[in-house]
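Here is the file coords-v6.cif (mmCIF, N, CA and C atoms).
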```
data_protein
loop_
_atom_site.label_atom_id
_atom_site.label_comp_id
_atom_site.auth_asym_id
_atom_site.auth_seq_id
_atom_site.Cartn_x
_atom_site.Cartn_y
_atom_site.Cartn_z
N MET V 128 -14.62 23.63 -7.75
CA MET V 128 -15.09 23.32 -6.41
C MET V 128 -15.20 21.82 -6.19
N ARG V 129 -15.63 21.10 -7.22
CA ARG V 129 -15.73 19.64 -7.10
C ARG V 129 -14.36 19.03 -6.87
N PHE V 130 -13.37 19.57 -7.57
CA PHE V 130 -12.02 19.06 -7.45
C PHE V 130 -11.51 19.19 -6.02
N VAL V 131 -11.77 20.33 -5.41
CA VAL V 131 -11.35 20.56 -4.02
C VAL V 131 -12.05 19.57 -3.10
N PHE V 132 -13.32 19.31 -3.33
CA PHE V 132 -14.08 18.35 -2.53
C PHE V 132 -13.47 16.95 -2.64
N VAL V 133 -13.10 16.55 -3.84
CA VAL V 133 -12.51 15.23 -4.05
C VAL V 133 -11.18 15.13 -3.31
N ILE V 134 -10.34 16.14 -3.43
CA ILE V 134 -9.03 16.13 -2.77
C ILE V 134 -9.19 16.12 -1.25
N VAL V 135 -10.08 16.94 -0.72
CA VAL V 135 -10.31 16.98 0.74
C VAL V 135 -10.83 15.63 1.23
N THR V 136 -11.70 15.02 0.47
CA THR V 136 -12.23 13.70 0.85
C THR V 136 -11.11 12.66 0.88
N LEU V 137 -10.25 12.66 -0.12
CA LEU V 137 -9.14 11.70 -0.15
C LEU V 137 -8.19 11.90 1.03
N PHE V 138 -7.86 13.15 1.34
CA PHE V 138 -6.97 13.40 2.48
C PHE V 138 -7.63 13.01 3.80
N THR V 139 -8.92 13.22 3.93
CA THR V 139 -9.63 12.84 5.15
C THR V 139 -9.62 11.32 5.33
N ILE V 140 -9.86 10.59 4.26
CA ILE V 140 -9.84 9.13 4.33
C ILE V 140 -8.45 8.65 4.71
N ASN V 141 -7.42 9.22 4.10
CA ASN V 141 -6.05 8.82 4.43
C ASN V 141 -5.71 9.13 5.88
N PHE V 142 -6.17 10.26 6.40
CA PHE V 142 -5.91 10.64 7.78
C PHE V 142 -6.56 9.65 8.74
N ILE V 143 -7.81 9.29 8.48
CA ILE V 143 -8.51 8.32 9.32
C ILE V 143 -7.80 6.96 9.26
N HIS V 144 -7.35 6.58 8.07
CA HIS V 144 -6.63 5.32 7.92
C HIS V 144 -5.34 5.33 8.74
N LEU V 145 -4.61 6.42 8.71
CA LEU V 145 -3.37 6.50 9.49
C LEU V 145 -3.64 6.43 10.99
N LEU V 146 -4.70 7.06 11.45
CA LEU V 146 -5.05 6.98 12.87
C LEU V 146 -5.39 5.55 13.27
N ALA V 147 -6.17 4.88 12.45
CA ALA V 147 -6.53 3.48 12.75
C ALA V 147 -5.30 2.59 12.68
N LEU V 148 -4.41 2.85 11.75
CA LEU V 148 -3.19 2.06 11.62
C LEU V 148 -2.31 2.21 12.85
N ARG V 149 -2.25 3.39 13.40
CA ARG V 149 -1.48 3.61 14.63
C ARG V 149 -2.02 2.77 15.78
N LYS V 150 -3.34 2.68 15.84
CA LYS V 150 -3.95 1.96 16.96
C LYS V 150 -3.85 0.45 16.81
N TRP V 151 -4.15 -0.07 15.61
CA TRP V 151 -4.24 -1.52 15.42
C TRP V 151 -3.15 -2.10 14.53
N GLY V 152 -2.26 -1.30 14.02
CA GLY V 152 -1.30 -1.78 13.02
C GLY V 152 -0.10 -2.52 13.55
N MET V 153 0.14 -2.54 14.85
CA MET V 153 1.36 -3.14 15.38
C MET V 153 1.18 -4.59 15.84
N SER V 154 0.16 -5.26 15.37
CA SER V 154 -0.05 -6.64 15.77
C SER V 154 0.65 -7.58 14.77
N GLU V 155 0.50 -8.87 14.98
CA GLU V 155 1.15 -9.86 14.13
C GLU V 155 0.65 -9.75 12.69
N LYS V 156 1.58 -9.86 11.75
CA LYS V 156 1.26 -9.73 10.33
C LYS V 156 0.73 -11.05 9.79
N VAL V 157 -0.21 -10.96 8.84
CA VAL V 157 -0.84 -12.14 8.24
C VAL V 157 -0.32 -12.30 6.83
N ASP V 158 0.14 -13.53 6.50
CA ASP V 158 0.67 -13.78 5.16
C ASP V 158 -0.21 -14.76 4.37
N LYS V 159 -1.18 -15.39 5.01
CA LYS V 159 -2.08 -16.31 4.32
C LYS V 159 -3.51 -16.03 4.73
N GLY V 160 -4.42 -16.36 3.83
CA GLY V 160 -5.83 -16.19 4.15
C GLY V 160 -6.33 -14.80 3.79
N ILE V 161 -7.57 -14.56 4.10
CA ILE V 161 -8.22 -13.29 3.78
C ILE V 161 -8.04 -12.33 4.95
N MET V 162 -7.57 -11.13 4.64
CA MET V 162 -7.43 -10.09 5.66
C MET V 162 -7.92 -8.78 5.05
N MET V 163 -8.93 -8.20 5.65
CA MET V 163 -9.50 -6.97 5.12
C MET V 163 -8.73 -5.73 5.59
N TRP V 164 -8.01 -5.84 6.68
CA TRP V 164 -7.31 -4.70 7.23
C TRP V 164 -5.89 -4.65 6.66
N TYR V 165 -5.58 -3.59 5.93
CA TYR V 165 -4.30 -3.46 5.24
C TYR V 165 -3.12 -3.49 6.21
N GLY V 166 -3.28 -2.91 7.36
CA GLY V 166 -2.18 -2.82 8.32
C GLY V 166 -1.72 -4.14 8.88
N LYS V 167 -2.55 -5.17 8.82
CA LYS V 167 -2.18 -6.48 9.35
C LYS V 167 -1.57 -7.40 8.30
N LEU V 168 -1.46 -6.94 7.06
CA LEU V 168 -0.86 -7.75 6.02
C LEU V 168 0.66 -7.73 6.13
N SER V 169 1.29 -8.82 5.70
CA SER V 169 2.75 -8.83 5.64
C SER V 169 3.17 -7.94 4.47
N TYR V 170 4.46 -7.61 4.41
CA TYR V 170 4.93 -6.74 3.33
C TYR V 170 4.80 -7.41 1.97
N ARG V 171 4.91 -8.73 1.93
CA ARG V 171 4.72 -9.44 0.67
C ARG V 171 3.29 -9.26 0.18
N ARG V 172 2.33 -9.43 1.09
CA ARG V 172 0.92 -9.27 0.71
C ARG V 172 0.59 -7.81 0.37
N LYS V 173 1.23 -6.87 1.08
CA LYS V 173 1.02 -5.46 0.76
C LYS V 173 1.52 -5.14 -0.65
N PHE V 174 2.67 -5.72 -1.01
CA PHE V 174 3.22 -5.51 -2.34
C PHE V 174 2.28 -6.08 -3.41
N ILE V 175 1.78 -7.28 -3.19
CA ILE V 175 0.85 -7.89 -4.13
C ILE V 175 -0.43 -7.06 -4.24
N ARG V 176 -0.93 -6.58 -3.11
CA ARG V 176 -2.13 -5.75 -3.13
C ARG V 176 -1.89 -4.45 -3.91
N THR V 177 -0.71 -3.88 -3.75
CA THR V 177 -0.37 -2.66 -4.48
C THR V 177 -0.38 -2.92 -5.98
N LEU V 178 0.13 -4.06 -6.41
CA LEU V 178 0.11 -4.38 -7.83
C LEU V 178 -1.32 -4.57 -8.34
N TRP V 179 -2.20 -5.11 -7.48
CA TRP V 179 -3.60 -5.28 -7.87
C TRP V 179 -4.32 -3.94 -7.99
N ILE V 180 -3.82 -2.91 -7.35
CA ILE V 180 -4.46 -1.60 -7.39
C ILE V 180 -4.25 -0.90 -8.73
N ILE V 181 -3.24 -1.30 -9.49
CA ILE V 181 -2.93 -0.63 -10.76
C ILE V 181 -4.14 -0.59 -11.71
N PRO V 182 -4.84 -1.72 -11.98
CA PRO V 182 -6.02 -1.62 -12.86
C PRO V 182 -7.13 -0.75 -12.27
N ILE V 183 -7.27 -0.78 -10.96
CA ILE V 183 -8.28 0.05 -10.31
C ILE V 183 -7.92 1.52 -10.48
N ASP V 184 -6.63 1.82 -10.37
CA ASP V 184 -6.15 3.19 -10.56
C ASP V 184 -6.44 3.68 -11.98
N ILE V 185 -6.23 2.82 -12.96
CA ILE V 185 -6.52 3.18 -14.35
C ILE V 185 -8.02 3.43 -14.53
N ALA V 186 -8.85 2.59 -13.92
CA ALA V 186 -10.31 2.79 -14.01
C ALA V 186 -10.72 4.11 -13.36
N ILE V 187 -10.08 4.45 -12.26
CA ILE V 187 -10.38 5.73 -11.59
C ILE V 187 -10.04 6.89 -12.52
N MET V 188 -8.93 6.78 -13.24
CA MET V 188 -8.54 7.85 -14.16
C MET V 188 -9.56 8.01 -15.29
N PHE V 189 -10.04 6.90 -15.84
CA PHE V 189 -11.08 7.00 -16.87
C PHE V 189 -12.36 7.62 -16.30
N GLY V 190 -12.72 7.19 -15.10
CA GLY V 190 -13.90 7.76 -14.45
C GLY V 190 -13.73 9.23 -14.15
N PHE V 191 -12.55 9.63 -13.73
CA PHE V 191 -12.27 11.04 -13.44
C PHE V 191 -12.40 11.87 -14.72
N TYR V 192 -11.84 11.36 -15.83
CA TYR V 192 -11.95 12.09 -17.09
C TYR V 192 -13.40 12.15 -17.56
N TYR V 193 -14.12 11.05 -17.43
CA TYR V 193 -15.52 11.02 -17.86
C TYR V 193 -16.37 12.00 -17.06
N LYS V 194 -16.10 12.10 -15.77
CA LYS V 194 -16.89 12.98 -14.90
C LYS V 194 -16.57 14.45 -15.13
N PHE V 195 -15.30 14.80 -15.20
CA PHE V 195 -14.91 16.21 -15.22
C PHE V 195 -14.54 16.73 -16.61
N ARG V 196 -14.32 15.86 -17.58
CA ARG V 196 -14.00 16.23 -18.97
C ARG V 196 -12.83 17.22 -19.05
N SER V 197 -11.82 16.99 -18.23
CA SER V 197 -10.66 17.86 -18.23
C SER V 197 -9.40 16.99 -18.35
N LEU V 198 -8.78 17.05 -19.51
CA LEU V 198 -7.59 16.25 -19.75
C LEU V 198 -6.43 16.73 -18.87
N ARG V 199 -6.36 18.02 -18.64
CA ARG V 199 -5.27 18.57 -17.83
C ARG V 199 -5.34 18.04 -16.40
N TRP V 200 -6.51 18.12 -15.78
CA TRP V 200 -6.66 17.65 -14.39
C TRP V 200 -6.53 16.13 -14.31
N THR V 201 -7.01 15.45 -15.31
CA THR V 201 -6.89 14.00 -15.33
C THR V 201 -5.42 13.60 -15.38
N CYS V 202 -4.63 14.27 -16.19
CA CYS V 202 -3.19 13.98 -16.27
C CYS V 202 -2.49 14.30 -14.95
N ILE V 203 -2.85 15.40 -14.33
CA ILE V 203 -2.24 15.78 -13.05
C ILE V 203 -2.55 14.72 -11.99
N ILE V 204 -3.81 14.32 -11.88
CA ILE V 204 -4.21 13.31 -10.90
C ILE V 204 -3.56 11.96 -11.23
N ALA V 205 -3.48 11.63 -12.52
CA ALA V 205 -2.85 10.37 -12.92
C ALA V 205 -1.38 10.34 -12.52
N VAL V 206 -0.69 11.43 -12.71
CA VAL V 206 0.73 11.50 -12.33
C VAL V 206 0.87 11.37 -10.81
N ILE V 207 0.04 12.08 -10.07
CA ILE V 207 0.11 12.03 -8.60
C ILE V 207 -0.18 10.62 -8.09
N LEU V 208 -1.25 10.00 -8.57
CA LEU V 208 -1.58 8.64 -8.14
C LEU V 208 -0.51 7.63 -8.56
N SER V 209 0.05 7.81 -9.74
CA SER V 209 1.09 6.89 -10.21
C SER V 209 2.35 7.01 -9.35
N ILE V 210 2.73 8.22 -8.98
CA ILE V 210 3.90 8.42 -8.13
C ILE V 210 3.66 7.78 -6.77
N ILE V 211 2.50 8.02 -6.19
CA ILE V 211 2.18 7.44 -4.89
C ILE V 211 2.19 5.91 -4.97
N LEU V 212 1.60 5.37 -6.02
CA LEU V 212 1.55 3.91 -6.20
C LEU V 212 2.96 3.33 -6.37
N PHE V 213 3.81 4.01 -7.13
CA PHE V 213 5.17 3.54 -7.33
C PHE V 213 5.96 3.58 -6.01
N ILE V 214 5.84 4.65 -5.26
CA ILE V 214 6.54 4.76 -3.98
C ILE V 214 6.07 3.68 -3.03
N GLN V 215 4.78 3.45 -2.98
CA GLN V 215 4.22 2.42 -2.10
C GLN V 215 4.73 1.03 -2.50
N ALA V 216 4.73 0.73 -3.79
CA ALA V 216 5.20 -0.57 -4.27
C ALA V 216 6.69 -0.74 -3.97
N PHE V 217 7.48 0.29 -4.23
CA PHE V 217 8.92 0.22 -3.96
C PHE V 217 9.19 0.01 -2.48
N TYR V 218 8.51 0.75 -1.62
CA TYR V 218 8.69 0.63 -0.17
C TYR V 218 8.32 -0.78 0.32
N ASN V 219 7.17 -1.27 -0.12
CA ASN V 219 6.74 -2.60 0.31
C ASN V 219 7.67 -3.69 -0.20
N TYR V 220 8.19 -3.53 -1.41
CA TYR V 220 9.12 -4.52 -1.95
C TYR V 220 10.41 -4.54 -1.13
N LYS V 221 10.96 -3.36 -0.83
CA LYS V 221 12.19 -3.28 -0.04
C LYS V 221 12.00 -3.88 1.35
N LYS V 222 10.88 -3.56 2.00
CA LYS V 222 10.61 -4.10 3.33
C LYS V 222 10.41 -5.61 3.28
N TRP V 223 9.80 -6.10 2.23
CA TRP V 223 9.61 -7.53 2.04
C TRP V 223 10.96 -8.22 1.94
N GLN V 224 11.88 -7.65 1.15
CA GLN V 224 13.20 -8.24 1.00
C GLN V 224 13.98 -8.20 2.32
N GLU V 225 13.85 -7.11 3.07
CA GLU V 225 14.49 -7.02 4.39
C GLU V 225 13.91 -8.07 5.33
N GLU V 226 12.61 -8.29 5.24
CA GLU V 226 11.93 -9.29 6.07
C GLU V 226 12.46 -10.69 5.75
N ILE V 227 12.72 -10.98 4.49
CA ILE V 227 13.26 -12.27 4.08
C ILE V 227 14.66 -12.46 4.66
N VAL V 228 15.49 -11.43 4.56
CA VAL V 228 16.86 -11.52 5.08
C VAL V 228 16.83 -11.72 6.59
N THR V 229 15.99 -10.97 7.28
CA THR V 229 15.88 -11.07 8.74
C THR V 229 15.42 -12.47 9.14
N THR V 230 14.44 -13.01 8.45
CA THR V 230 13.93 -14.35 8.75
C THR V 230 15.02 -15.40 8.52
N ASP V 231 15.76 -15.26 7.42
CA ASP V 231 16.84 -16.22 7.14
C ASP V 231 17.92 -16.15 8.21
N ASN V 232 18.28 -14.94 8.63
CA ASN V 232 19.30 -14.80 9.68
C ASN V 232 18.83 -15.39 11.00
N ASN V 233 17.57 -15.19 11.33
CA ASN V 233 17.03 -15.75 12.57
C ASN V 233 17.03 -17.28 12.54
N GLU V 234 16.71 -17.86 11.39
CA GLU V 234 16.73 -19.31 11.25
C GLU V 234 18.15 -19.85 11.37
N LYS V 235 19.12 -19.16 10.78
CA LYS V 235 20.52 -19.60 10.89
C LYS V 235 20.99 -19.54 12.34
N ASN V 236 20.62 -18.47 13.04
CA ASN V 236 21.00 -18.34 14.45
C ASN V 236 20.36 -19.44 15.29
N GLN V 237 19.13 -19.79 15.00
CA GLN V 237 18.45 -20.87 15.73
C GLN V 237 19.16 -22.20 15.48
N ASN V 238 19.57 -22.44 14.24
CA ASN V 238 20.27 -23.69 13.91
C ASN V 238 21.61 -23.77 14.63
N LYS V 239 22.33 -22.66 14.72
CA LYS V 239 23.61 -22.65 15.44
C LYS V 239 23.41 -22.96 16.91
N ARG V 240 22.37 -22.42 17.50
CA ARG V 240 22.09 -22.66 18.91
C ARG V 240 21.73 -24.13 19.16
N ASN V 241 21.02 -24.71 18.23
CA ASN V 241 20.65 -26.13 18.38
C ASN V 241 21.86 -27.05 18.31
N TYR V 242 22.87 -26.69 17.53
CA TYR V 242 24.07 -27.52 17.42
C TYR V 242 24.96 -27.39 18.64
N LEU V 243 24.88 -26.24 19.31
CA LEU V 243 25.73 -26.05 20.50
C LEU V 243 25.09 -26.71 21.65
#
```
Any chance you could give the structure as structure tokens?
Amino acid sequence: MRFVFVIVTLFTINFIHLLALRKWGMSEKVDKGIMMWYGKLSYRRKFIRTLWIIPIDIAIMFGFYYKFRSLRWTCIIAVILSIILFIQAFYNYKKWQEEIVTTDNNEKNQNKRNYL
């Protein structure tokens, strides 16, 4: 029963986050300074934040095992969180690289216009 409560809580938090992201996530992205709202970070900062989550994820796994004393469930949750973390890191990295290419192309186009 505790396991179901934990899973329902995580899905509820993610759902609320997605709703808030829809409302406020389409504004200008921040690449420097402190930003508490994940949706306003640039893809580079999102990627870095995802890498910082790895030690926190490992600590959560130790805490989960300590609380529930179930190696099977701990391994299942660890695999699920690791897959989600990997997908998130891969997506943010790809978008960051696309953002770099787009910025470079825009700068080249601006330079061509200035010469004409």
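Pairwise distance (atom CA of Ala147 of chain V, atom N of Val131 of chain V) equals 25.3 Å.
Between Ile204 of chain V and the residues V:Ile183, V:Phe130, V:Met188, V:Thr230, the shortest atom-to-atom distance, using all atoms listed in the file, involves V:Met188.
Of the listed residues (V:Ala216, V:Gln224, V:Glu234, V:Trp200), V:Trp200 comes nearest to Arg129 of chain V; the distances count only C-alpha atoms.
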Counting only C-alpha atoms, the residue among V:Lys222, V:Arg196, V:Thr139, V:Phe191 that lies closest to Arg172 of chain V is V:Lys222
* Using the chain letters and numbers from this document, which residues of chain V does DSSP assign to alpha helix (DSSP H), as an MDAnalysis selection string? -> chainID V and resid 129:151 170:195 198:242
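Across V:Trp164, V:Phe174, V:Phe138, V:Phe189, the tightest approach to Tyr218 of chain V is made by V:Phe174 when counting all atoms listed in the file.
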Notebook entry, point to check: Quick one: residues within 12 Å of Tyr220 of chain V, only C-alpha atoms counted, chain neighbours fewer than 5 positions away excluded, as a PyMOL selection string?
Noted result: chain V and resi 169-178+213-215+225-227
